[in-house]
Amino acid sequence: MEGGGAQPSLQLVYQAVQALYHDPDPSGKERASCWLGELQRSVHAWEISDQLLQIRQDVESCYFAAQTMKMKIQTSFYELPTDSHASLRDSLLSHIQNLKDLSPVIVTQLALAIADLALQMASWKGCVQTLVEKYSNDVTSLPFLLEILTVLPEEVHSRSLRIGANRRTEIIEDLAYYSSTVVSLLQQDKTSSNLHEAASDCVCSALYAIENVETNLPLALQLFQGVLTLESAYHMAVAREDLDKVLNYCRVFTELCETFLDKIVCTPGQGLGDLRTLELLLICAGHPQYEVVEISFNFWYRLGEHLYKTEDAVIHSIFKAYIQRLLHALARHCQLDSDHEGVPEETDDFGEFRMRVSDLVKDLIFLVGSVECFAQLYATLKDGNPPWEVTEAVLFIMASIAKSVDQENNPTLVEVLEGVVRLPETVHTAVRYTSIELVGEMSEVVDRNPQFLDPVLGYLMKGLCDRRLASAAAKAIHNICSVCRDHMAQHFTGLLEIARSLDSFTLSPEAAVGLLKGTALVLARLPLEKIAECLSELCAVQVLALKKLLSQEPSNGLSSDPTVPLDRLAVIFRHTNPIVENGQIHPCQKVIQEIWPVLSETLNKHSADNRIVERCCRCLRFAVRCVGKGSAALLQPLVTQMVSVYRAHQHSCFLYLGSILVDEYGMEEGCRQGLLDMLQALCIPTFQLLEQPSGLQNHPDTVDDLFRLAARFIQRSPVTLLRSQVMIPILQWAIAATTLDHRDANCSVMKFLRDLVHTGVANDHEEDFELRTELIAQVLRQLGQQLVSQLLHTCCFCLPPYTLPDVAEVLWEIMQSDRATFCRWLENSLKALPKETTGGAIQVTHKQLTDFHKQVTSAEECKQVCWALRDFTRLFR
């Protein structure tokens, strides 16, 4: 059906849509879906959707048509001749009017279609104004008008529409006209819930559209003044107990504060930095339902971040009172119900809310002063005799800030620790639970006052034996082990006992692993001659479990899943890091050689199971890292097994493990050829995987790990890689993978490219410098132009703005290696860019191209390249 085939009849389209939604046979659904997908890609889709929307036979066909219209306008707008734009607009507006009561999802699709058309149709001037004038006086049209006005500012920043910065500014200015109309809807008490929510969405997305207050001042001022008038409407909603409207207002107030955050911090109390905005949020924080205050958390967190960077005591003092009031409200919201039984739930909504409070308090406490806050909280417990739920909430907040309290001569800390350890077992379980968490957070106090170590451990052991408190106690013991490593060495036998009988306590998997981590940290502080024997004992339980799993028949109903012992071994290797002097044999070497056969067998048995293979690789990675060069005996058998399993099952964790081996052994002359053989063997199945349709998009982890491995080679043994057969294919894949919009994968690709080019100019005192320079020059002669063109195209059309600094670094390095050639490559790349949008608007002028070329090629620092890229790519977004 692609392109110019005959237009199918409407009858046929109806049948396909019905089959898609109602055919009981999945293969019938699948056929209908493929056929309709092809129809959507064809040029006939415009007319067919228009007819379906006109006939309005049923919800399904209208939804399909509305969705098709939106898709065509977003992706294939260029198919329409310019003189048909106006009639398309008129018919879409009449469809949304006629279908407004059929289904909200259809209204949304049509609203998106209208918004995307308005943005791309350069001839539709003042589109917002015309829409508001046409529909705002008709109550029945308001819902769909608001829907259009909500999606429009969201689509202004959409990356799928390439409308450029100029058109974007025009639309945002136009939005300023209608904002007061919408705000007035939020002041009318009689506004229905649905309309109220739509109006709130609309104001929020308009506030969100103001990326820069200065450049969008008319809209900013309109919304700022409008939203500040809503306070009395908020109080009315509270009085009526209309929680939906209360939540809507809080969303609007929060979005207002987010938009004007810079003003609030830089010019507090003046103009758009008016602190009445914060008063609105504190009024919301006083609402009895915690869901209301939770809406504003992101703003408070960002405010804290901004104030932390602005080290201005005067500004800090302005905000201190606001933060104190917020913390007061948060402590009240954290109280459990007085009839709550057992420990605080951590996984329900309220438990998650408390965790978010704890994180927020940690981020804001510097403004209030943790010493004074901790002392005030403790005073409320010491002086009054509050009910248990108040005590528990206060202990909870104290646990959040205990770590940030300055230890120097602070008697309160010691007093709190003494008081908590002496709590009777008769107090409410929740109070015991939170007090155990507090003790764990106060491990530095224990380290400074070792006389408390015995009573604290006794207190925590009691908790460990109570199934409700066991995981919290295990976490606290882990904290004490981490901080008091030297004092805990005398208790190692006790820790070993606990580790041997881990499964007899009722512990979460994380808590059990935490206990082992603590034990390993203490183990590393024992005398060297004791470490090997103790490590062997600590691993024995897990090795035994793995052996048992290998020998048993999986069919007898028992799980053959080795992930638990593997995770436990990994954590032991990861944290056993004794100080080994040069020339001494690493005490862990022998233990790891004993364990290798069991790991190797486990890896073979489960080679098809990604989850288990990943755990095995993690375990091996920490084992290799633990003993460093001491694991040389493992290298040959390990690499052989990795390559053979990877041929059959492309688990990307093998590539990651490979990068660890290159990191550890890449500098050893005798290992280099073996590591290169490993890389080449791993590349064959990897390239086959990436060559499949959408291979890069479907396997971002493989891309990430492949280029991490290649980058490690460049860092540790550049000449080995540069001389190899695999160098050019790896670089070609890197160029292809620059377009991949996946944070980690893209970061690895850019780092590899940057390190690769940098090798040609780095460490010029080393004897292989000239050889490296010549090898890099050869590689760039072959692929340099392609690389520069691809990077430029990628920035303009594929990647989000946060990746630009990485791209800038690669361009900068290429320019350092040969500025004259780079200038020519960049000029050719710029000539190849499209100059107009499909809607006929000028995307980039000749002057903008030459200015950008000049800014980049005359840059004296990398960040100037980044700024130039940022401005230039905005023209294509």
# chains A, B, ... in the order shown; residues from 1 in each chain; ligands from 1
$ residues_around --residues "Arg611 (chain A)" --least-positions-apart "3" --cutoff "12 Å" --atoms "only C-alpha atoms" --output "mmCIF file with all heavy atoms, in the first residue's frame"
data_model
loop_
_atom_site.group_PDB
_atom_site.id
_atom_site.type_symbol
_atom_site.label_atom_id
_atom_site.label_comp_id
_atom_site.auth_asym_id
_atom_site.auth_seq_id
_atom_site.Cartn_x
_atom_site.Cartn_y
_atom_site.Cartn_z
ATOM 1 N N ASP A 561 17.946 -21.901 41.702
ATOM 2 C CA ASP A 561 18.386 -20.535 41.418
ATOM 3 C C ASP A 561 19.562 -20.138 42.313
ATOM 4 O O ASP A 561 19.417 -20.008 43.526
ATOM 5 C CB ASP A 561 17.197 -19.588 41.668
ATOM 6 C CG ASP A 561 17.555 -18.156 41.334
ATOM 7 O OD1 ASP A 561 18.720 -17.905 40.987
ATOM 8 O OD2 ASP A 561 16.671 -17.289 41.431
ATOM 9 N N PRO A 562 20.759 -19.928 41.714
ATOM 10 C CA PRO A 562 21.933 -19.626 42.552
ATOM 11 C C PRO A 562 22.133 -18.139 42.821
ATOM 12 O O PRO A 562 23.201 -17.759 43.289
ATOM 13 C CB PRO A 562 23.079 -20.160 41.680
ATOM 14 C CG PRO A 562 22.602 -19.944 40.283
ATOM 15 C CD PRO A 562 21.092 -20.040 40.297
ATOM 16 N N THR A 563 21.146 -17.292 42.529
ATOM 17 C CA THR A 563 21.418 -15.846 42.628
ATOM 18 C C THR A 563 21.728 -15.403 44.055
ATOM 19 O O THR A 563 22.561 -14.524 44.254
ATOM 20 C CB THR A 563 20.252 -14.991 42.082
ATOM 21 O OG1 THR A 563 19.054 -15.429 42.681
ATOM 22 C CG2 THR A 563 20.143 -15.089 40.593
ATOM 23 N N VAL A 564 21.078 -16.025 45.061
ATOM 24 C CA VAL A 564 21.318 -15.568 46.441
ATOM 25 C C VAL A 564 22.777 -15.805 46.863
ATOM 26 O O VAL A 564 23.475 -14.862 47.244
ATOM 27 C CB VAL A 564 20.312 -16.210 47.437
ATOM 28 C CG1 VAL A 564 20.724 -15.912 48.875
ATOM 29 C CG2 VAL A 564 18.911 -15.656 47.168
ATOM 30 N N LEU A 566 25.337 -16.208 44.947
ATOM 31 C CA LEU A 566 26.214 -15.413 44.073
ATOM 32 C C LEU A 566 26.263 -13.955 44.541
ATOM 33 O O LEU A 566 27.335 -13.348 44.600
ATOM 34 C CB LEU A 566 25.731 -15.475 42.617
ATOM 35 C CG LEU A 566 26.009 -16.792 41.869
ATOM 36 C CD1 LEU A 566 25.284 -16.803 40.530
ATOM 37 C CD2 LEU A 566 27.505 -17.021 41.654
ATOM 38 N N ASP A 567 25.076 -13.406 44.865
ATOM 39 C CA ASP A 567 25.045 -12.014 45.348
ATOM 40 C C ASP A 567 25.846 -11.875 46.644
ATOM 41 O O ASP A 567 26.518 -10.871 46.875
ATOM 42 C CB ASP A 567 23.597 -11.567 45.619
ATOM 43 C CG ASP A 567 22.872 -11.248 44.327
ATOM 44 O OD1 ASP A 567 23.549 -11.162 43.287
ATOM 45 O OD2 ASP A 567 21.635 -11.094 44.349
ATOM 46 N N LEU A 603 28.253 -21.007 35.825
ATOM 47 C CA LEU A 603 28.110 -20.210 34.604
ATOM 48 C C LEU A 603 27.737 -21.110 33.426
ATOM 49 O O LEU A 603 26.849 -20.778 32.624
ATOM 50 C CB LEU A 603 29.434 -19.491 34.334
ATOM 51 C CG LEU A 603 29.504 -18.483 33.200
ATOM 52 C CD1 LEU A 603 28.420 -17.428 33.361
ATOM 53 C CD2 LEU A 603 30.861 -17.801 33.164
ATOM 54 N N HIS A 606 24.014 -22.442 33.659
ATOM 55 C CA HIS A 606 22.921 -21.478 33.448
ATOM 56 C C HIS A 606 23.234 -20.503 32.310
ATOM 57 O O HIS A 606 22.776 -19.367 32.319
ATOM 58 C CB HIS A 606 22.674 -20.681 34.730
ATOM 59 C CG HIS A 606 22.253 -21.533 35.889
ATOM 60 N ND1 HIS A 606 20.964 -21.988 36.058
ATOM 61 C CD2 HIS A 606 22.965 -22.045 36.931
ATOM 62 C CE1 HIS A 606 20.897 -22.723 37.151
ATOM 63 N NE2 HIS A 606 22.097 -22.775 37.709
ATOM 64 N N SER A 607 24.035 -20.958 31.316
ATOM 65 C CA SER A 607 24.566 -20.001 30.326
ATOM 66 C C SER A 607 23.483 -19.271 29.534
ATOM 67 O O SER A 607 23.736 -18.214 28.973
ATOM 68 C CB SER A 607 25.519 -20.717 29.378
ATOM 69 O OG SER A 607 24.811 -21.761 28.724
ATOM 70 N N ALA A 608 22.270 -19.833 29.487
ATOM 71 C CA ALA A 608 21.222 -19.161 28.691
ATOM 72 C C ALA A 608 20.438 -18.138 29.517
ATOM 73 O O ALA A 608 19.681 -17.345 28.964
ATOM 74 C CB ALA A 608 20.262 -20.207 28.132
ATOM 75 N N GLU A 614 24.518 -12.673 34.584
ATOM 76 C CA GLU A 614 24.907 -11.341 35.076
ATOM 77 C C GLU A 614 25.466 -11.413 36.488
ATOM 78 O O GLU A 614 26.455 -10.772 36.820
ATOM 79 C CB GLU A 614 23.700 -10.393 35.038
ATOM 80 C CG GLU A 614 23.879 -9.384 33.961
ATOM 81 C CD GLU A 614 22.765 -8.339 33.893
ATOM 82 O OE1 GLU A 614 21.888 -8.317 34.765
ATOM 83 O OE2 GLU A 614 22.805 -7.555 32.945
ATOM 84 N N ARG A 615 24.812 -12.241 37.347
ATOM 85 C CA ARG A 615 25.274 -12.375 38.726
ATOM 86 C C ARG A 615 26.656 -13.031 38.756
ATOM 87 O O ARG A 615 27.524 -12.657 39.536
ATOM 88 C CB ARG A 615 24.311 -13.241 39.555
ATOM 89 C CG ARG A 615 22.905 -12.712 39.703
ATOM 90 C CD ARG A 615 22.854 -11.294 40.219
ATOM 91 N NE ARG A 615 21.819 -11.033 41.190
ATOM 92 C CZ ARG A 615 20.505 -11.027 40.952
ATOM 93 N NH1 ARG A 615 20.055 -11.297 39.752
ATOM 94 N NH2 ARG A 615 19.645 -10.732 41.907
ATOM 95 N N CYS A 616 26.879 -14.054 37.911
ATOM 96 C CA CYS A 616 28.195 -14.713 37.865
ATOM 97 C C CYS A 616 29.276 -13.710 37.445
ATOM 98 O O CYS A 616 30.355 -13.662 38.038
ATOM 99 C CB CYS A 616 28.186 -15.858 36.851
ATOM 100 S SG CYS A 616 27.315 -17.321 37.413
ATOM 101 N N CYS A 617 28.966 -12.908 36.415
ATOM 102 C CA CYS A 617 29.948 -11.930 35.926
ATOM 103 C C CYS A 617 30.260 -10.891 37.003
ATOM 104 O O CYS A 617 31.401 -10.467 37.166
ATOM 105 C CB CYS A 617 29.424 -11.223 34.675
ATOM 106 S SG CYS A 617 29.547 -12.252 33.208
ATOM 107 N N ARG A 618 29.207 -10.503 37.744
ATOM 108 C CA ARG A 618 29.406 -9.516 38.807
ATOM 109 C C ARG A 618 30.347 -10.085 39.866
ATOM 110 O O ARG A 618 31.262 -9.417 40.348
ATOM 111 C CB ARG A 618 28.044 -9.214 39.445
ATOM 112 C CG ARG A 618 27.844 -7.759 39.698
ATOM 113 C CD ARG A 618 26.433 -7.439 40.130
ATOM 114 N NE ARG A 618 26.544 -6.499 41.232
ATOM 115 C CZ ARG A 618 26.378 -6.819 42.490
ATOM 116 N NH1 ARG A 618 26.066 -8.046 42.831
ATOM 117 N NH2 ARG A 618 26.512 -5.901 43.423
ATOM 118 N N HIS A 651 25.125 -12.156 26.122
ATOM 119 C CA HIS A 651 24.871 -11.376 27.344
ATOM 120 C C HIS A 651 25.890 -10.248 27.383
ATOM 121 O O HIS A 651 27.094 -10.501 27.413
ATOM 122 C CB HIS A 651 25.050 -12.246 28.590
ATOM 123 C CG HIS A 651 24.201 -13.482 28.603
ATOM 124 N ND1 HIS A 651 22.822 -13.432 28.601
ATOM 125 C CD2 HIS A 651 24.535 -14.801 28.611
ATOM 126 C CE1 HIS A 651 22.340 -14.676 28.619
ATOM 127 N NE2 HIS A 651 23.355 -15.520 28.618
ATOM 128 N N SER A 652 25.401 -8.992 27.456
ATOM 129 C CA SER A 652 26.356 -7.875 27.350
ATOM 130 C C SER A 652 27.286 -7.787 28.569
ATOM 131 O O SER A 652 28.320 -7.146 28.520
ATOM 132 C CB SER A 652 25.611 -6.554 27.152
ATOM 133 O OG SER A 652 25.048 -6.114 28.361
ATOM 134 N N CYS A 653 26.927 -8.478 29.663
ATOM 135 C CA CYS A 653 27.793 -8.402 30.851
ATOM 136 C C CYS A 653 29.176 -9.008 30.593
ATOM 137 O O CYS A 653 30.141 -8.668 31.286
ATOM 138 C CB CYS A 653 27.120 -9.055 32.057
ATOM 139 S SG CYS A 653 26.539 -10.722 31.751
#
$ residues_around --residues "region 480-485 of chain A" --least-positions-apart "6" --cutoff "8 Å" --atoms "only C-alpha atoms" --output "PyMOL selection string"
chain A and resi 440+443-444+446-447+518-519+521-522+525
$ write_last_selection --atoms "all heavy atoms" --output "PDB file, in the first residue's frame"
ATOM      1  N   GLY A 440      21.643   3.252  64.086  1.00  0.00           N
ATOM      2  CA  GLY A 440      22.459   2.967  62.903  1.00  0.00           C
ATOM      3  C   GLY A 440      23.000   4.240  62.271  1.00  0.00           C
ATOM      4  O   GLY A 440      24.149   4.292  61.822  1.00  0.00           O
ATOM      5  N   SER A 443      26.316   5.951  63.964  1.00  0.00           N
ATOM      6  CA  SER A 443      27.507   5.100  64.124  1.00  0.00           C
ATOM      7  C   SER A 443      28.777   5.917  64.369  1.00  0.00           C
ATOM      8  O   SER A 443      29.693   5.445  65.045  1.00  0.00           O
ATOM      9  CB  SER A 443      27.668   4.204  62.896  1.00  0.00           C
ATOM     10  OG  SER A 443      27.415   4.947  61.730  1.00  0.00           O
ATOM     11  N   GLU A 444      28.834   7.159  63.855  1.00  0.00           N
ATOM     12  CA  GLU A 444      30.046   7.963  64.095  1.00  0.00           C
ATOM     13  C   GLU A 444      30.182   8.330  65.577  1.00  0.00           C
ATOM     14  O   GLU A 444      31.290   8.455  66.097  1.00  0.00           O
ATOM     15  CB  GLU A 444      30.039   9.223  63.226  1.00  0.00           C
ATOM     16  CG  GLU A 444      30.371   8.882  61.782  1.00  0.00           C
ATOM     17  CD  GLU A 444      30.573  10.101  60.917  1.00  0.00           C
ATOM     18  OE1 GLU A 444      30.876  11.174  61.472  1.00  0.00           O
ATOM     19  OE2 GLU A 444      30.420   9.962  59.690  1.00  0.00           O
ATOM     20  N   VAL A 446      29.253   6.397  67.988  1.00  0.00           N
ATOM     21  CA  VAL A 446      29.779   5.178  68.614  1.00  0.00           C
ATOM     22  C   VAL A 446      31.295   5.091  68.378  1.00  0.00           C
ATOM     23  O   VAL A 446      32.063   4.747  69.280  1.00  0.00           O
ATOM     24  CB  VAL A 446      29.087   3.918  68.037  1.00  0.00           C
ATOM     25  CG1 VAL A 446      29.615   2.652  68.713  1.00  0.00           C
ATOM     26  CG2 VAL A 446      27.572   4.020  68.222  1.00  0.00           C
ATOM     27  N   ASP A 447      31.724   5.446  67.158  1.00  0.00           N
ATOM     28  CA  ASP A 447      33.146   5.360  66.837  1.00  0.00           C
ATOM     29  C   ASP A 447      33.972   6.293  67.730  1.00  0.00           C
ATOM     30  O   ASP A 447      35.078   5.961  68.150  1.00  0.00           O
ATOM     31  CB  ASP A 447      33.359   5.712  65.357  1.00  0.00           C
ATOM     32  CG  ASP A 447      34.757   5.312  64.885  1.00  0.00           C
ATOM     33  OD1 ASP A 447      35.197   4.213  65.256  1.00  0.00           O
ATOM     34  OD2 ASP A 447      35.396   6.100  64.166  1.00  0.00           O
ATOM     35  N   GLY A 518      29.162  -5.558  55.930  1.00  0.00           N
ATOM     36  CA  GLY A 518      29.770  -5.077  57.176  1.00  0.00           C
ATOM     37  C   GLY A 518      30.848  -6.030  57.664  1.00  0.00           C
ATOM     38  O   GLY A 518      31.945  -5.624  58.068  1.00  0.00           O
ATOM     39  N   THR A 519      30.535  -7.336  57.581  1.00  0.00           N
ATOM     40  CA  THR A 519      31.499  -8.345  58.045  1.00  0.00           C
ATOM     41  C   THR A 519      32.781  -8.293  57.209  1.00  0.00           C
ATOM     42  O   THR A 519      33.894  -8.353  57.735  1.00  0.00           O
ATOM     43  CB  THR A 519      30.859  -9.750  57.947  1.00  0.00           C
ATOM     44  OG1 THR A 519      29.587  -9.707  58.614  1.00  0.00           O
ATOM     45  CG2 THR A 519      31.723 -10.799  58.611  1.00  0.00           C
ATOM     46  N   LEU A 521      33.979  -5.731  55.535  1.00  0.00           N
ATOM     47  CA  LEU A 521      34.724  -4.498  55.830  1.00  0.00           C
ATOM     48  C   LEU A 521      35.578  -4.657  57.085  1.00  0.00           C
ATOM     49  O   LEU A 521      36.708  -4.168  57.160  1.00  0.00           O
ATOM     50  CB  LEU A 521      33.745  -3.325  56.016  1.00  0.00           C
ATOM     51  CG  LEU A 521      33.062  -2.824  54.742  1.00  0.00           C
ATOM     52  CD1 LEU A 521      31.940  -1.848  55.079  1.00  0.00           C
ATOM     53  CD2 LEU A 521      34.079  -2.141  53.820  1.00  0.00           C
ATOM     54  N   VAL A 522      35.026  -5.363  58.092  1.00  0.00           N
ATOM     55  CA  VAL A 522      35.782  -5.577  59.330  1.00  0.00           C
ATOM     56  C   VAL A 522      36.896  -6.604  59.085  1.00  0.00           C
ATOM     57  O   VAL A 522      38.023  -6.458  59.557  1.00  0.00           O
ATOM     58  CB  VAL A 522      34.847  -6.034  60.468  1.00  0.00           C
ATOM     59  CG1 VAL A 522      35.644  -6.350  61.737  1.00  0.00           C
ATOM     60  CG2 VAL A 522      33.805  -4.940  60.758  1.00  0.00           C
ATOM     61  N   ARG A 525      40.289  -5.502  58.065  1.00  0.00           N
ATOM     62  CA  ARG A 525      41.136  -4.833  59.059  1.00  0.00           C
ATOM     63  C   ARG A 525      41.846  -5.824  59.984  1.00  0.00           C
ATOM     64  O   ARG A 525      42.542  -5.433  60.903  1.00  0.00           O
ATOM     65  CB  ARG A 525      40.262  -3.878  59.916  1.00  0.00           C
ATOM     66  CG  ARG A 525      39.749  -2.669  59.151  1.00  0.00           C
ATOM     67  CD  ARG A 525      40.905  -1.782  58.710  1.00  0.00           C
ATOM     68  NE  ARG A 525      40.527  -0.810  57.711  1.00  0.00           N
ATOM     69  CZ  ARG A 525      40.121   0.432  57.965  1.00  0.00           C
ATOM     70  NH1 ARG A 525      40.009   0.845  59.206  1.00  0.00           N
ATOM     71  NH2 ARG A 525      39.839   1.249  56.987  1.00  0.00           N
TER      72      ARG A 525
END
$ select_by_dssp --residues "region 633-785 of chain A" --states "helix (DSSP H, G or I)" --output "ChimeraX atom specification"
/A:633-648,653-665,669-691,695-698,700-716,718-722,727-737,743-758,769-785
$ residues_around --residues "region 733-735 of chain A" --least-positions-apart "5" --cutoff "7 Å" --atoms "only C-alpha atoms" --output "CSV table (one decimal) with C-alpha atoms, in the first residue's frame"
chain,number,residue,atom,x,y,z
A,749,VAL,CA,30.1,6.0,22.6
A,787,LEU,CA,32.4,11.3,11.9
A,790,GLN,CA,27.3,12.4,11.6
$ decode --residues "region 247-319 of chain A" --atoms "C-alpha atoms" --output "PDB file, in the first residue's frame"
ATOM      1  CA  LEU A 247      -4.678  19.191  44.731  1.00  0.00           C
ATOM      2  CA  ASN A 248      -5.174  21.153  41.487  1.00  0.00           C
ATOM      3  CA  TYR A 249      -4.394  24.461  43.211  1.00  0.00           C
ATOM      4  CA  CYS A 250      -1.296  23.001  44.847  1.00  0.00           C
ATOM      5  CA  ARG A 251      -0.071  21.786  41.427  1.00  0.00           C
ATOM      6  CA  VAL A 252      -0.554  25.284  39.996  1.00  0.00           C
ATOM      7  CA  PHE A 253       1.188  26.983  42.967  1.00  0.00           C
ATOM      8  CA  THR A 254       4.107  24.526  42.723  1.00  0.00           C
ATOM      9  CA  GLU A 255       4.509  25.026  38.973  1.00  0.00           C
ATOM     10  CA  LEU A 256       4.480  28.798  39.590  1.00  0.00           C
ATOM     11  CA  CYS A 257       7.335  28.482  42.109  1.00  0.00           C
ATOM     12  CA  GLU A 258       9.266  26.145  39.763  1.00  0.00           C
ATOM     13  CA  THR A 259       9.000  28.646  36.910  1.00  0.00           C
ATOM     14  CA  PHE A 260      10.190  31.609  38.989  1.00  0.00           C
ATOM     15  CA  LEU A 261      12.779  29.683  41.034  1.00  0.00           C
ATOM     16  CA  ASP A 262      15.731  31.710  39.717  1.00  0.00           C
ATOM     17  CA  LYS A 263      13.973  34.966  40.544  1.00  0.00           C
ATOM     18  CA  ILE A 264      13.005  33.711  44.015  1.00  0.00           C
ATOM     19  CA  VAL A 265      16.646  32.854  44.798  1.00  0.00           C
ATOM     20  CA  CYS A 266      18.375  35.827  43.123  1.00  0.00           C
ATOM     21  CA  THR A 267      15.975  38.635  44.071  1.00  0.00           C
ATOM     22  CA  PRO A 268      13.910  37.304  46.987  1.00  0.00           C
ATOM     23  CA  GLY A 269      10.972  39.567  47.830  1.00  0.00           C
ATOM     24  CA  GLN A 270      11.348  41.762  44.728  1.00  0.00           C
ATOM     25  CA  GLY A 271       9.247  41.679  41.552  1.00  0.00           C
ATOM     26  CA  LEU A 272       8.870  38.139  40.218  1.00  0.00           C
ATOM     27  CA  GLY A 273      10.903  36.916  43.218  1.00  0.00           C
ATOM     28  CA  ASP A 274       7.945  37.853  45.465  1.00  0.00           C
ATOM     29  CA  LEU A 275       7.932  35.396  48.401  1.00  0.00           C
ATOM     30  CA  ARG A 276       4.127  35.228  48.492  1.00  0.00           C
ATOM     31  CA  THR A 277       4.697  32.309  46.122  1.00  0.00           C
ATOM     32  CA  LEU A 278       6.385  30.377  48.974  1.00  0.00           C
ATOM     33  CA  GLU A 279       3.594  31.392  51.371  1.00  0.00           C
ATOM     34  CA  LEU A 280       1.135  29.660  49.018  1.00  0.00           C
ATOM     35  CA  LEU A 281       3.148  26.432  49.225  1.00  0.00           C
ATOM     36  CA  LEU A 282       3.367  26.620  53.026  1.00  0.00           C
ATOM     37  CA  ILE A 283      -0.417  27.102  53.200  1.00  0.00           C
ATOM     38  CA  CYS A 284      -0.699  23.847  51.198  1.00  0.00           C
ATOM     39  CA  ALA A 285       1.799  22.177  53.573  1.00  0.00           C
ATOM     40  CA  GLY A 286      -0.656  22.912  56.397  1.00  0.00           C
ATOM     41  CA  HIS A 287      -3.400  20.816  54.761  1.00  0.00           C
ATOM     42  CA  PRO A 288      -4.131  17.683  56.824  1.00  0.00           C
ATOM     43  CA  GLN A 289      -3.703  15.275  53.850  1.00  0.00           C
ATOM     44  CA  TYR A 290      -0.029  14.469  53.167  1.00  0.00           C
ATOM     45  CA  GLU A 291      -0.740  14.041  49.403  1.00  0.00           C
ATOM     46  CA  VAL A 292      -1.107  17.828  49.139  1.00  0.00           C
ATOM     47  CA  VAL A 293       2.307  18.811  50.499  1.00  0.00           C
ATOM     48  CA  GLU A 294       3.952  15.963  48.548  1.00  0.00           C
ATOM     49  CA  ILE A 295       3.162  17.721  45.246  1.00  0.00           C
ATOM     50  CA  SER A 296       5.576  20.526  46.155  1.00  0.00           C
ATOM     51  CA  PHE A 297       8.580  18.329  47.113  1.00  0.00           C
ATOM     52  CA  ASN A 298      10.414  18.672  43.821  1.00  0.00           C
ATOM     53  CA  PHE A 299      10.331  22.458  44.106  1.00  0.00           C
ATOM     54  CA  TRP A 300      11.675  22.491  47.697  1.00  0.00           C
ATOM     55  CA  TYR A 301      14.424  20.106  46.664  1.00  0.00           C
ATOM     56  CA  ARG A 302      15.451  22.365  43.755  1.00  0.00           C
ATOM     57  CA  LEU A 303      15.270  25.454  45.978  1.00  0.00           C
ATOM     58  CA  GLY A 304      17.659  23.754  48.429  1.00  0.00           C
ATOM     59  CA  GLU A 305      20.010  22.871  45.566  1.00  0.00           C
ATOM     60  CA  HIS A 306      20.058  26.487  44.312  1.00  0.00           C
ATOM     61  CA  LEU A 307      20.607  27.933  47.800  1.00  0.00           C
ATOM     62  CA  TYR A 308      23.394  25.436  48.473  1.00  0.00           C
ATOM     63  CA  LYS A 309      25.237  26.763  45.405  1.00  0.00           C
ATOM     64  CA  THR A 310      24.575  30.401  46.410  1.00  0.00           C
ATOM     65  CA  GLU A 311      26.785  30.627  49.469  1.00  0.00           C
ATOM     66  CA  ASP A 312      25.270  33.947  50.541  1.00  0.00           C
ATOM     67  CA  ALA A 313      24.527  34.091  54.278  1.00  0.00           C
ATOM     68  CA  VAL A 314      22.061  36.989  53.892  1.00  0.00           C
ATOM     69  CA  ILE A 315      19.999  35.110  51.298  1.00  0.00           C
ATOM     70  CA  HIS A 316      20.160  31.922  53.390  1.00  0.00           C
ATOM     71  CA  SER A 317      18.809  33.792  56.416  1.00  0.00           C
ATOM     72  CA  ILE A 318      15.808  35.012  54.366  1.00  0.00           C
ATOM     73  CA  PHE A 319      14.783  31.420  53.596  1.00  0.00           C
TER      74      PHE A 319
END
